[in-house]
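Okay, start_16.cif is below, mmCIF, C-alpha atoms:
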data_my_file
loop_
_atom_site.label_atom_id
_atom_site.label_comp_id
_atom_site.auth_asym_id
_atom_site.auth_seq_id
_atom_site.Cartn_x
_atom_site.Cartn_y
_atom_site.Cartn_z
CA MET A 29 17.20 -43.54 -0.79
CA THR A 30 17.13 -41.55 -4.03
CA ASP A 31 13.94 -40.83 -5.91
CA GLN A 32 15.10 -43.27 -8.64
CA LEU A 33 15.27 -46.13 -6.12
CA ARG A 34 12.02 -45.38 -4.30
CA PRO A 35 9.24 -47.93 -4.72
CA ALA A 36 6.68 -46.65 -7.19
CA GLU A 37 3.92 -44.70 -5.47
CA PRO A 38 0.44 -46.11 -5.96
CA VAL A 39 -1.70 -44.14 -8.36
CA ALA A 40 -3.59 -41.57 -6.33
CA PRO A 41 -7.38 -41.59 -6.49
CA GLU A 42 -8.74 -38.76 -8.60
CA GLY A 43 -9.98 -36.89 -5.54
CA VAL A 44 -6.53 -36.92 -3.95
CA ARG A 45 -4.88 -35.74 -7.16
CA GLN A 46 -7.43 -32.96 -7.48
CA ARG A 47 -6.71 -31.82 -3.94
CA ASN A 48 -2.97 -31.85 -4.57
CA LEU A 49 -3.31 -29.81 -7.76
CA ALA A 50 -5.53 -27.34 -5.94
CA ARG A 51 -3.07 -27.13 -3.06
CA LEU A 52 -0.17 -26.31 -5.36
CA LEU A 53 -2.08 -23.75 -7.39
CA ARG A 54 -3.43 -22.07 -4.29
CA SER A 55 0.05 -21.95 -2.74
CA ILE A 56 1.62 -20.09 -5.65
CA HIS A 57 -1.50 -17.92 -5.96
CA LEU A 58 -1.34 -16.78 -2.34
CA GLN A 59 2.40 -16.76 -1.72
CA GLY A 60 3.83 -15.91 -5.10
CA PRO A 61 6.49 -17.87 -6.99
CA LEU A 62 7.86 -20.89 -5.09
CA SER A 63 10.59 -23.32 -6.00
CA ARG A 64 9.80 -26.98 -6.57
CA ALA A 65 11.95 -27.72 -3.52
CA VAL A 66 9.79 -25.47 -1.33
CA LEU A 67 6.59 -27.03 -2.70
CA THR A 68 8.01 -30.47 -1.93
CA GLU A 69 8.77 -29.44 1.62
CA MET A 70 5.39 -27.74 2.10
CA THR A 71 3.30 -30.64 0.83
CA GLY A 72 5.30 -33.64 1.99
CA LEU A 73 5.01 -35.13 -1.50
CA ASN A 74 8.10 -36.48 -3.24
CA ARG A 75 9.94 -34.60 -5.97
CA SER A 76 8.66 -36.69 -8.84
CA THR A 77 5.05 -36.19 -7.76
CA ILE A 78 5.58 -32.44 -7.48
CA ALA A 79 7.17 -32.40 -10.94
CA ASP A 80 4.19 -34.29 -12.36
CA LEU A 81 1.64 -31.99 -10.72
CA VAL A 82 3.49 -28.86 -11.77
CA GLY A 83 3.67 -30.20 -15.31
CA GLU A 84 -0.08 -30.67 -15.32
CA LEU A 85 -0.67 -27.11 -14.15
CA VAL A 86 1.72 -25.82 -16.82
CA ARG A 87 -0.03 -27.83 -19.56
CA ALA A 88 -3.37 -26.45 -18.38
CA GLY A 89 -1.99 -22.94 -18.80
CA LEU A 90 -2.37 -22.12 -15.10
CA ALA A 91 1.30 -22.06 -14.09
CA GLU A 92 4.71 -21.50 -15.57
CA GLU A 93 8.20 -22.61 -14.61
CA ARG A 94 11.10 -20.24 -14.43
CA ALA A 95 14.85 -20.65 -14.13
CA PRO A 96 16.16 -21.47 -10.66
CA ASP A 97 17.02 -18.62 -8.32
CA PRO A 98 20.70 -17.80 -9.08
CA SER A 99 21.25 -16.74 -5.46
CA ARG A 100 20.69 -20.30 -4.31
CA ARG A 101 24.18 -21.77 -3.89
CA VAL A 102 23.52 -24.97 -1.93
CA GLY A 103 22.26 -28.19 -3.50
CA ARG A 104 20.71 -28.86 -6.88
CA PRO A 105 19.05 -25.73 -8.37
CA SER A 106 15.25 -26.03 -8.24
CA PRO A 107 12.96 -24.50 -10.89
CA VAL A 108 10.62 -21.78 -9.68
CA VAL A 109 6.86 -22.24 -10.18
CA ALA A 110 4.57 -19.23 -10.62
CA VAL A 111 0.99 -18.66 -11.70
CA ALA A 112 0.51 -18.01 -15.41
CA PRO A 113 0.55 -14.25 -15.98
CA ASP A 114 -2.23 -14.32 -18.57
CA VAL A 115 -4.97 -15.79 -16.33
CA VAL A 116 -7.26 -13.02 -15.08
CA ALA A 117 -10.64 -12.36 -13.51
CA ILE A 118 -12.81 -9.32 -14.10
CA ALA A 119 -13.77 -7.55 -10.86
CA ALA A 120 -16.44 -4.88 -10.56
CA ASN A 121 -17.77 -2.68 -7.77
CA PRO A 122 -20.98 -0.77 -8.58
CA GLU A 123 -21.54 2.24 -6.32
CA VAL A 124 -24.02 5.11 -6.16
CA ASP A 125 -21.82 7.46 -8.19
CA ALA A 126 -19.71 5.16 -10.37
CA ILE A 127 -18.76 1.61 -11.24
CA GLU A 128 -15.15 0.53 -10.99
CA ILE A 129 -13.98 -2.39 -13.12
CA ALA A 130 -10.59 -4.09 -13.18
CA ALA A 131 -8.86 -7.07 -14.70
CA VAL A 132 -7.04 -8.79 -11.82
CA GLY A 133 -4.35 -11.38 -12.49
CA LEU A 134 -4.05 -14.66 -10.65
CA ASP A 135 -0.97 -13.01 -9.11
CA GLN A 136 -3.16 -10.10 -7.79
CA SER A 137 -1.72 -7.64 -10.31
CA ILE A 138 -4.14 -5.14 -11.81
CA ARG A 139 -3.85 -5.63 -15.56
CA ALA A 140 -6.40 -2.98 -16.53
CA ARG A 141 -8.74 -0.63 -14.71
CA ALA A 142 -11.65 1.67 -15.55
CA ARG A 143 -13.88 3.91 -13.46
CA ILE A 144 -17.11 4.94 -15.13
CA ALA A 145 -18.88 7.80 -13.37
CA THR A 146 -22.68 7.78 -13.41
CA ASP A 147 -25.22 10.58 -13.04
CA THR A 148 -28.04 8.21 -12.08
CA LEU A 149 -28.24 5.01 -10.07
CA LEU A 150 -27.28 1.92 -12.01
CA SER A 151 -29.76 -0.89 -12.47
CA PRO A 152 -28.54 -4.50 -12.66
CA VAL A 153 -29.08 -4.40 -16.43
CA ASP A 154 -27.08 -1.15 -16.68
CA THR A 155 -24.32 -2.75 -14.64
CA ALA A 156 -24.22 -5.80 -16.87
CA SER A 157 -24.14 -3.68 -20.04
CA ILE A 158 -21.28 -1.52 -18.80
CA ILE A 159 -19.21 -4.55 -17.74
CA ALA A 160 -19.86 -6.30 -21.06
CA ALA A 161 -18.89 -3.22 -23.08
CA GLN A 162 -15.70 -2.69 -21.07
CA LEU A 163 -14.82 -6.36 -21.41
CA ASP A 164 -15.20 -6.15 -25.20
CA ARG A 165 -12.86 -3.13 -25.31
CA TRP A 166 -10.24 -4.87 -23.18
CA ARG A 167 -10.43 -8.09 -25.19
CA ALA A 168 -9.52 -6.08 -28.26
CA ASP A 169 -6.63 -4.36 -26.53
CA GLU A 170 -5.09 -4.85 -23.06
CA LEU A 171 -6.50 -8.35 -22.52
CA ALA A 172 -6.10 -9.65 -26.06
CA ASP A 173 -3.62 -12.30 -24.90
CA CYS A 174 -5.30 -13.08 -21.58
CA ARG A 175 -7.54 -15.95 -20.51
CA ILE A 176 -10.51 -14.83 -18.45
CA VAL A 177 -11.75 -17.09 -15.65
CA GLY A 178 -14.91 -15.22 -14.74
CA ILE A 179 -16.35 -12.12 -13.12
CA GLY A 180 -16.56 -11.14 -9.45
CA LEU A 181 -18.99 -8.46 -8.28
CA ALA A 182 -18.56 -6.58 -5.00
CA VAL A 183 -22.03 -5.21 -4.22
CA PRO A 184 -22.83 -2.77 -1.37
CA GLY A 185 -25.71 -4.80 0.03
CA LEU A 186 -27.01 -8.14 1.23
CA VAL A 187 -26.13 -11.01 -1.10
CA ARG A 188 -27.63 -14.46 -0.60
CA ARG A 189 -24.82 -16.97 -0.48
CA SER A 190 -26.75 -19.85 -2.06
CA ASP A 191 -27.47 -18.23 -5.43
CA GLY A 192 -25.93 -14.74 -5.51
CA LEU A 193 -29.32 -13.01 -5.34
CA VAL A 194 -28.93 -9.42 -4.17
CA ARG A 195 -31.62 -9.27 -1.52
CA ASP A 196 -31.14 -5.62 -0.64
CA ALA A 197 -28.64 -3.02 -1.83
CA PRO A 198 -30.50 -0.05 -0.35
CA HIS A 199 -28.39 2.76 -1.76
CA LEU A 200 -28.64 1.31 -5.27
CA PHE A 201 -32.33 0.47 -4.77
CA TRP A 202 -31.75 -3.15 -5.76
CA ARG A 203 -34.24 -5.55 -4.19
CA ASP A 204 -34.18 -9.31 -4.87
CA GLU A 205 -32.23 -8.83 -8.06
CA PRO A 206 -30.64 -11.86 -9.83
CA VAL A 207 -27.54 -9.82 -10.64
CA ARG A 208 -25.33 -12.87 -11.09
CA ASP A 209 -27.52 -14.26 -13.84
CA VAL A 210 -28.01 -10.88 -15.53
CA VAL A 211 -24.26 -10.20 -15.76
CA SER A 212 -23.49 -13.78 -16.82
CA ALA A 213 -26.05 -13.57 -19.64
CA ALA A 214 -24.54 -10.28 -20.86
CA THR A 215 -20.93 -11.46 -20.80
CA GLY A 216 -21.08 -15.23 -21.32
CA LEU A 217 -18.86 -15.75 -18.28
CA PRO A 218 -19.45 -17.33 -14.87
CA VAL A 219 -20.16 -14.71 -12.22
CA ALA A 220 -19.68 -14.66 -8.45
CA VAL A 221 -21.43 -12.00 -6.35
CA GLY A 222 -20.59 -11.00 -2.79
CA ASN A 223 -21.03 -8.23 -0.29
CA ASP A 224 -18.36 -5.60 -0.93
CA ALA A 225 -17.13 -5.36 2.66
CA SER A 226 -16.95 -9.13 3.07
CA LEU A 227 -14.86 -9.36 -0.08
CA GLY A 228 -12.69 -6.52 1.20
CA ALA A 229 -12.20 -8.45 4.43
CA ILE A 230 -11.00 -11.48 2.46
CA ALA A 231 -8.54 -9.36 0.47
CA GLU A 232 -7.06 -7.69 3.55
CA HIS A 233 -6.87 -11.04 5.35
CA LEU A 234 -5.07 -12.77 2.48
CA TYR A 235 -2.82 -9.97 1.24
CA GLY A 236 -3.19 -6.83 3.32
CA ALA A 237 -3.28 -5.38 6.82
CA ALA A 238 -4.57 -8.61 8.40
CA ARG A 239 -2.38 -11.06 6.52
CA GLY A 240 -1.61 -14.00 8.77
CA ILE A 241 -4.20 -12.89 11.36
CA ASP A 242 -6.99 -15.39 12.05
CA ASP A 243 -9.46 -13.20 13.97
CA VAL A 244 -10.33 -9.95 12.25
CA VAL A 245 -13.11 -7.38 12.20
CA TYR A 246 -13.18 -5.34 9.00
CA LEU A 247 -15.27 -2.22 8.42
CA ASN A 248 -15.41 -0.42 5.11
CA GLY A 249 -16.81 3.08 4.68
CA GLY A 250 -17.93 4.16 1.23
CA ALA A 251 -20.40 6.35 -0.60
CA SER A 252 -23.11 3.76 0.13
CA GLY A 253 -22.47 3.64 3.87
CA ILE A 254 -20.65 1.22 6.16
CA GLY A 255 -20.33 -2.52 5.66
CA GLY A 256 -18.29 -5.11 7.44
CA GLY A 257 -16.70 -8.52 7.24
CA LEU A 258 -15.66 -11.03 9.90
CA ILE A 259 -12.75 -13.45 9.83
CA VAL A 260 -12.96 -15.96 12.70
CA HIS A 261 -10.35 -18.70 13.10
CA GLY A 262 -9.11 -17.86 9.63
CA HIS A 263 -12.48 -18.22 7.89
CA LEU A 264 -14.94 -15.65 6.59
CA VAL A 265 -18.13 -15.76 8.66
CA GLY A 266 -21.18 -15.30 6.48
CA GLY A 267 -23.97 -16.37 8.82
CA ALA A 268 -26.90 -18.59 7.90
CA ASN A 269 -27.50 -16.96 4.51
CA GLY A 270 -24.42 -14.82 3.95
CA TYR A 271 -25.60 -11.58 5.51
CA ALA A 272 -23.27 -11.32 8.53
CA GLY A 273 -21.16 -8.24 9.14
CA GLU A 274 -23.65 -5.41 8.64
CA PHE A 275 -22.10 -3.17 11.29
CA GLY A 276 -23.39 -0.07 9.54
CA GLN A 277 -26.96 -1.03 10.41
CA ASN A 278 -26.28 -1.31 14.17
CA ARG A 279 -27.57 1.44 16.43
CA PRO A 280 -24.54 2.80 18.24
CA GLY A 281 -24.47 3.90 21.82
CA ILE A 282 -24.12 7.69 21.82
CA ALA A 283 -23.24 9.02 25.25
CA SER A 284 -23.98 12.68 24.50
CA THR A 285 -27.28 13.68 22.93
CA GLY A 286 -25.38 16.54 21.34
CA ASP A 287 -23.50 14.02 19.22
CA ARG A 288 -26.65 12.62 17.61
CA ARG A 289 -27.51 13.85 14.15
CA ALA A 290 -30.10 11.29 13.01
CA ASP A 291 -32.88 10.56 15.47
CA GLY A 292 -32.97 6.80 15.89
CA GLY A 293 -30.34 6.47 13.18
CA VAL A 294 -27.92 3.62 12.62
CA LEU A 295 -24.11 3.82 12.61
CA GLU A 296 -23.82 4.79 8.94
CA ASP A 297 -26.27 7.66 9.50
CA GLU A 298 -23.97 9.13 12.15
CA VAL A 299 -20.52 8.17 10.86
CA SER A 300 -20.82 9.27 7.28
CA ARG A 301 -18.62 10.20 4.36
CA ALA A 302 -21.29 12.61 3.16
CA ARG A 303 -21.24 14.43 6.51
CA LEU A 304 -17.47 14.84 6.31
CA VAL A 305 -17.69 16.21 2.78
CA ALA A 306 -20.49 18.57 3.86
CA ALA A 307 -18.40 19.85 6.78
CA LEU A 308 -15.57 20.53 4.37
CA ALA A 309 -18.01 22.30 2.05
CA ALA A 310 -16.39 20.37 -0.78
CA GLY A 311 -17.73 18.82 -3.94
CA ALA A 312 -17.31 15.20 -4.99
CA ILE A 313 -13.82 14.23 -3.80
CA ASP A 314 -12.17 10.89 -3.17
CA ASP A 315 -10.99 9.51 0.16
CA ASP A 316 -7.38 10.64 -0.33
CA ALA A 317 -8.53 14.19 -0.94
CA ILE A 318 -10.88 14.04 2.05
CA GLY A 319 -8.02 12.89 4.27
CA ALA A 320 -5.73 15.68 3.10
CA ALA A 321 -8.46 18.29 3.52
CA LEU A 322 -9.38 17.10 7.02
CA ALA A 323 -5.74 17.07 8.13
CA ALA A 324 -5.21 20.60 6.86
CA SER A 325 -8.48 22.13 8.01
CA GLU A 326 -8.55 24.57 10.92
CA SER A 327 -12.31 25.08 10.72
CA PRO A 328 -14.01 24.51 14.11
CA ASP A 329 -16.96 22.89 12.34
CA VAL A 330 -14.71 20.40 10.58
CA ILE A 331 -12.72 19.64 13.73
CA ASP A 332 -15.92 19.11 15.73
CA GLU A 333 -17.44 16.83 13.09
CA VAL A 334 -14.32 14.68 12.93
CA ALA A 335 -14.21 14.38 16.72
CA ARG A 336 -17.93 13.52 16.87
CA GLN A 337 -17.65 10.77 14.26
CA ARG A 338 -14.54 9.32 15.90
CA ARG A 339 -16.30 9.13 19.28
CA ILE A 340 -19.23 7.23 17.82
CA LEU A 341 -16.98 4.99 15.73
CA ALA A 342 -14.90 4.11 18.82
CA THR A 343 -18.04 3.00 20.66
CA ALA A 344 -19.18 0.87 17.73
CA LEU A 345 -15.76 -0.77 17.46
CA ALA A 346 -15.69 -1.43 21.20
CA ASN A 347 -19.00 -3.28 20.88
CA ALA A 348 -17.47 -5.44 18.15
CA VAL A 349 -14.45 -6.11 20.37
CA ASN A 350 -16.68 -7.19 23.24
CA VAL A 351 -18.63 -9.61 21.07
CA LEU A 352 -15.89 -11.02 18.83
CA ASN A 353 -12.56 -10.48 20.62
CA PRO A 354 -10.59 -9.86 17.40
CA ALA A 355 -6.83 -9.53 17.24
CA VAL A 356 -7.07 -6.81 14.59
CA ILE A 357 -9.65 -4.28 13.43
CA VAL A 358 -9.08 -3.16 9.84
CA LEU A 359 -10.73 0.02 8.59
CA GLY A 360 -11.13 0.85 4.91
CA GLY A 361 -12.45 3.74 2.87
CA PHE A 362 -13.30 6.95 4.70
CA LEU A 363 -13.14 5.07 8.02
CA ALA A 364 -9.41 4.64 7.42
CA VAL A 365 -9.26 8.40 6.81
CA LEU A 366 -10.83 9.01 10.22
CA ALA A 367 -8.49 6.53 11.87
CA ASP A 368 -5.32 7.88 10.26
CA LEU A 369 -5.91 11.34 11.70
CA ASP A 370 -4.95 9.84 15.08
CA ARG A 371 -4.88 6.05 15.06
CA ASP A 372 -3.37 5.73 18.54
CA GLY A 373 -6.08 7.97 19.93
CA LEU A 374 -8.82 5.91 18.27
CA GLU A 375 -7.30 2.70 19.59
CA ARG A 376 -7.21 4.14 23.12
CA ALA A 377 -10.84 5.18 22.84
CA VAL A 378 -11.83 1.67 21.73
CA ARG A 379 -10.01 0.18 24.73
CA GLU A 380 -11.70 2.62 27.10
CA HIS A 381 -15.17 1.54 25.94
CA ALA A 382 -14.47 -2.20 25.65
CA MET A 383 -14.02 -4.88 28.27
CA SER A 384 -10.37 -4.72 29.30
CA ALA A 385 -9.60 -8.42 28.73
CA ASN A 386 -11.22 -8.44 25.29
CA ALA A 387 -9.35 -5.34 24.16
CA GLU A 388 -5.94 -5.90 25.71
CA ASP A 389 -4.33 -7.27 22.52
CA VAL A 390 -6.44 -5.63 19.82
CA SER A 391 -4.90 -3.26 17.28
CA VAL A 392 -6.60 -0.89 14.86
CA ARG A 393 -5.13 -0.82 11.37
CA SER A 394 -5.96 0.88 8.09
CA ALA A 395 -6.49 -1.22 4.99
CA VAL A 396 -3.25 -1.35 3.02
CA LEU A 397 -4.68 -2.46 -0.32
CA ALA A 398 -6.25 0.99 -0.68
CA HIS A 399 -8.51 1.31 -3.72
CA ASP A 400 -7.74 -2.25 -4.83
CA ARG A 401 -9.16 -4.06 -1.80
CA LEU A 402 -12.71 -4.59 -3.07
CA LEU A 403 -11.53 -5.46 -6.57
CA ILE A 404 -8.99 -8.01 -5.33
CA GLY A 405 -11.64 -9.49 -3.05
CA ALA A 406 -14.11 -9.73 -5.93
CA ALA A 407 -11.45 -11.39 -8.07
CA GLU A 408 -10.85 -13.95 -5.30
CA ALA A 409 -14.53 -14.89 -5.52
CA ALA A 410 -14.20 -15.32 -9.29
CA PHE A 411 -11.03 -17.40 -8.93
CA ALA A 412 -12.49 -19.68 -6.23
CA PRO A 413 -13.87 -22.42 -8.53
CA LEU A 414 -10.60 -22.58 -10.48
CA LEU A 415 -8.51 -22.77 -7.31
CA ALA A 416 -10.71 -25.57 -5.98
CA GLU A 417 -10.73 -27.66 -9.18
CA PRO A 418 -7.89 -26.55 -11.44
CA ASP A 419 -8.01 -29.56 -13.75
CA THR A 420 -11.73 -29.37 -14.50
CA ILE A 421 -12.14 -25.68 -15.35
CA ALA A 422 -10.55 -24.26 -18.47
CA PRO A 423 -10.20 -20.47 -18.55
CA ALA A 424 -11.54 -18.90 -21.75
CA ARG A 425 -10.02 -16.20 -23.89
#
Is it possible to give me this structure as structure tokens?
Amino acid sequence: MTDQLRPAEPVAPEGVRQRNLARLLRSIHLQGPLSRAVLTEMTGLNRSTIADLVGELVRAGLAEERAPDPSRRVGRPSPVVAVAPDVVAIAANPEVDAIEIAAVGLDQSIRARARIATDTLLSPVDTASIIAAQLDRWRADELADCRIVGIGLAVPGLVRRSDGLVRDAPHLFWRDEPVRDVVSAATGLPVAVGNDASLGAIAEHLYGAARGIDDVVYLNGGASGIGGGLIVHGHLVGGANGYAGEFGQNRPGIASTGDRRADGGVLEDEVSRARLVAALAAGAIDDDAIGAALAASESPDVIDEVARQRRILATALANAVNVLNPAVIVLGGFLAVLADLDRDGLERAVREHAMSANAEDVSVRSAVLAHDRLLIGAAEAAFAPLLAEPDTIAPAR
């Protein structure tokens, strides 16, 4: 029976229509441009319903239709649906030595980027002022034709899920700070705040090294220490209040007392970017430079420090494997640098320390989104309300 001869479908309740719009927008957001025919097959809706929903997304300025793929030779050509290229979120990651800000498209492209180095620790008010000033500059230039959904902040600390309150970002000395409200007041935009490593875990799960993997442990090593994120059965695990994944605050088992550098210290005291830089006797260098310097170094002190940190990291990862039984461990930041020096060796060490059944299928991978992982994760947090209710939220210029 052709679409023209089908009985008219009953008008869907508003909730059903909202879910269908959200499903379509999320599909082209996550998977990239898709033909109407593919969307029809994915959703089980008929072609006229898909055409109607796509039309609504196009009228809302959230999607665009493109000419059919010329390589398709069989059947009626089907228009391709993609997210609108001018819809963006502002993502920011304040750290102890700088704040990185980016404009991230709904297609995950980085439309603009700025890194502002700081000589002193940023306060929440400082952070808000810098973001607002950068946003004003971009609105007058690179983002003049863009529509901005909101702002996502990736913070190196504990963020309360219910209201975005930063309970404790120890390296920034933020305690019970209403950062979400401060940044929103300075910019006039809705703001989402999350733990940086948890947002990095989301980004790597959706688009990176753990794409398509439902059970993931993610650890990120940065200037502020080590954070983590957990994906279990395809969902981010936040815990009762959103504080889950703080692997850096665990006290690792250290077999040799000679390996301990911080008496009673936690993982991030022992496995430390600062300790690697100190061993290299280098100044402020980024992770790529650290990796190159470590790989080239023949200094016994550097070699010993790398081996020490890898031993402790392997034990910490084995503990995570025993508790969570992940399929993949993803390491970001300087932890990826440590892993990439000999990833197979690190994976073997994890297996040696873990229960054999728990570790038999686990693999250790480095984050593939590189410097973009936290920014893309923060943008996902900013996009979340739009993706959930695309016909009730209008992006603003």
Task: From A:Glu333, A:Val219, A:Ser55, A:Gly281, residue lying nearest Arg303 of chain A [all atoms listed in the file] - done: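 Of A:Glu333, A:Val219, A:Ser55, A:Gly281, the one nearest Arg303 of chain A is A:Glu333, counting all atoms listed in the file.
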Open item on the list: Taking only C-alpha atoms into account, name the residue in A:Gly270, A:Gly83, A:Pro107, A:Gly192 that is nearest to Leu53 of chain A.
Closed with: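 Among the listed residues, A:Gly83 lies closest to Leu53 of chain A.
Picture a line from atom CA of Asp191 of chain A to atom CA of Asn48 of chain A; it runs 28.0 Å.
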- [ ] Run the PyMOL selection byres ((chain A and resi 260) around 12) against the file shown and list the residues it catches, as JSON, numbers by chain.
- [x] {"A": [229, 230, 233, 238, 241, 242, 243, 244, 245, 246, 257, 258, 259, 261, 262, 263, 264, 265, 266, 267, 273, 351, 352, 353, 354, 355, 356]}
Any chance you could export the current selection's C-alpha atoms as an mmCIF file, in the coordinates of the input?
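In the end it all went to selection-v2.cif:
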data_model
loop_
_atom_site.group_PDB
_atom_site.id
_atom_site.type_symbol
_atom_site.label_atom_id
_atom_site.label_comp_id
_atom_site.auth_asym_id
_atom_site.auth_seq_id
_atom_site.Cartn_x
_atom_site.Cartn_y
_atom_site.Cartn_z
ATOM 1 C CA ALA A 229 -12.200 -8.450 4.430
ATOM 2 C CA ILE A 230 -11.000 -11.480 2.460
ATOM 3 C CA HIS A 233 -6.870 -11.040 5.350
ATOM 4 C CA ALA A 238 -4.570 -8.610 8.400
ATOM 5 C CA ILE A 241 -4.200 -12.890 11.360
ATOM 6 C CA ASP A 242 -6.990 -15.390 12.050
ATOM 7 C CA ASP A 243 -9.460 -13.200 13.970
ATOM 8 C CA VAL A 244 -10.330 -9.950 12.250
ATOM 9 C CA VAL A 245 -13.110 -7.380 12.200
ATOM 10 C CA TYR A 246 -13.180 -5.340 9.000
ATOM 11 C CA GLY A 257 -16.700 -8.520 7.240
ATOM 12 C CA LEU A 258 -15.660 -11.030 9.900
ATOM 13 C CA ILE A 259 -12.750 -13.450 9.830
ATOM 14 C CA HIS A 261 -10.350 -18.700 13.100
ATOM 15 C CA GLY A 262 -9.110 -17.860 9.630
ATOM 16 C CA HIS A 263 -12.480 -18.220 7.890
ATOM 17 C CA LEU A 264 -14.940 -15.650 6.590
ATOM 18 C CA VAL A 265 -18.130 -15.760 8.660
ATOM 19 C CA GLY A 266 -21.180 -15.300 6.480
ATOM 20 C CA GLY A 267 -23.970 -16.370 8.820
ATOM 21 C CA GLY A 273 -21.160 -8.240 9.140
ATOM 22 C CA VAL A 351 -18.630 -9.610 21.070
ATOM 23 C CA LEU A 352 -15.890 -11.020 18.830
ATOM 24 C CA ASN A 353 -12.560 -10.480 20.620
ATOM 25 C CA PRO A 354 -10.590 -9.860 17.400
ATOM 26 C CA ALA A 355 -6.830 -9.530 17.240
ATOM 27 C CA VAL A 356 -7.070 -6.810 14.590
#
Open item on the list: Here's the selection I'm unsure about, the PyMOL selection byres ((chain A and resi 389) around 12); applied to the file above, which residues does it give, as a PyMOL selection string?
Closed with: chain A and resi 243+349+353-357+375-376+378-379+382-388+390-392
File of the preceding selection, C-alpha atoms, as a PDB file, in the coordinates of the input:
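The new file part_25.pdb reads:
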ATOM      1  CA  ASP A 243      -9.460 -13.200  13.970  1.00  0.00           C
ATOM      2  CA  VAL A 349     -14.450  -6.110  20.370  1.00  0.00           C
ATOM      3  CA  ASN A 353     -12.560 -10.480  20.620  1.00  0.00           C
ATOM      4  CA  PRO A 354     -10.590  -9.860  17.400  1.00  0.00           C
ATOM      5  CA  ALA A 355      -6.830  -9.530  17.240  1.00  0.00           C
ATOM      6  CA  VAL A 356      -7.070  -6.810  14.590  1.00  0.00           C
ATOM      7  CA  ILE A 357      -9.650  -4.280  13.430  1.00  0.00           C
ATOM      8  CA  GLU A 375      -7.300   2.700  19.590  1.00  0.00           C
ATOM      9  CA  ARG A 376      -7.210   4.140  23.120  1.00  0.00           C
ATOM     10  CA  VAL A 378     -11.830   1.670  21.730  1.00  0.00           C
ATOM     11  CA  ARG A 379     -10.010   0.180  24.730  1.00  0.00           C
ATOM     12  CA  ALA A 382     -14.470  -2.200  25.650  1.00  0.00           C
ATOM     13  CA  MET A 383     -14.020  -4.880  28.270  1.00  0.00           C
ATOM     14  CA  SER A 384     -10.370  -4.720  29.300  1.00  0.00           C
ATOM     15  CA  ALA A 385      -9.600  -8.420  28.730  1.00  0.00           C
ATOM     16  CA  ASN A 386     -11.220  -8.440  25.290  1.00  0.00           C
ATOM     17  CA  ALA A 387      -9.350  -5.340  24.160  1.00  0.00           C
ATOM     18  CA  GLU A 388      -5.940  -5.900  25.710  1.00  0.00           C
ATOM     19  CA  VAL A 390      -6.440  -5.630  19.820  1.00  0.00           C
ATOM     20  CA  SER A 391      -4.900  -3.260  17.280  1.00  0.00           C
ATOM     21  CA  VAL A 392      -6.600  -0.890  14.860  1.00  0.00           C
TER      22      VAL A 392
END
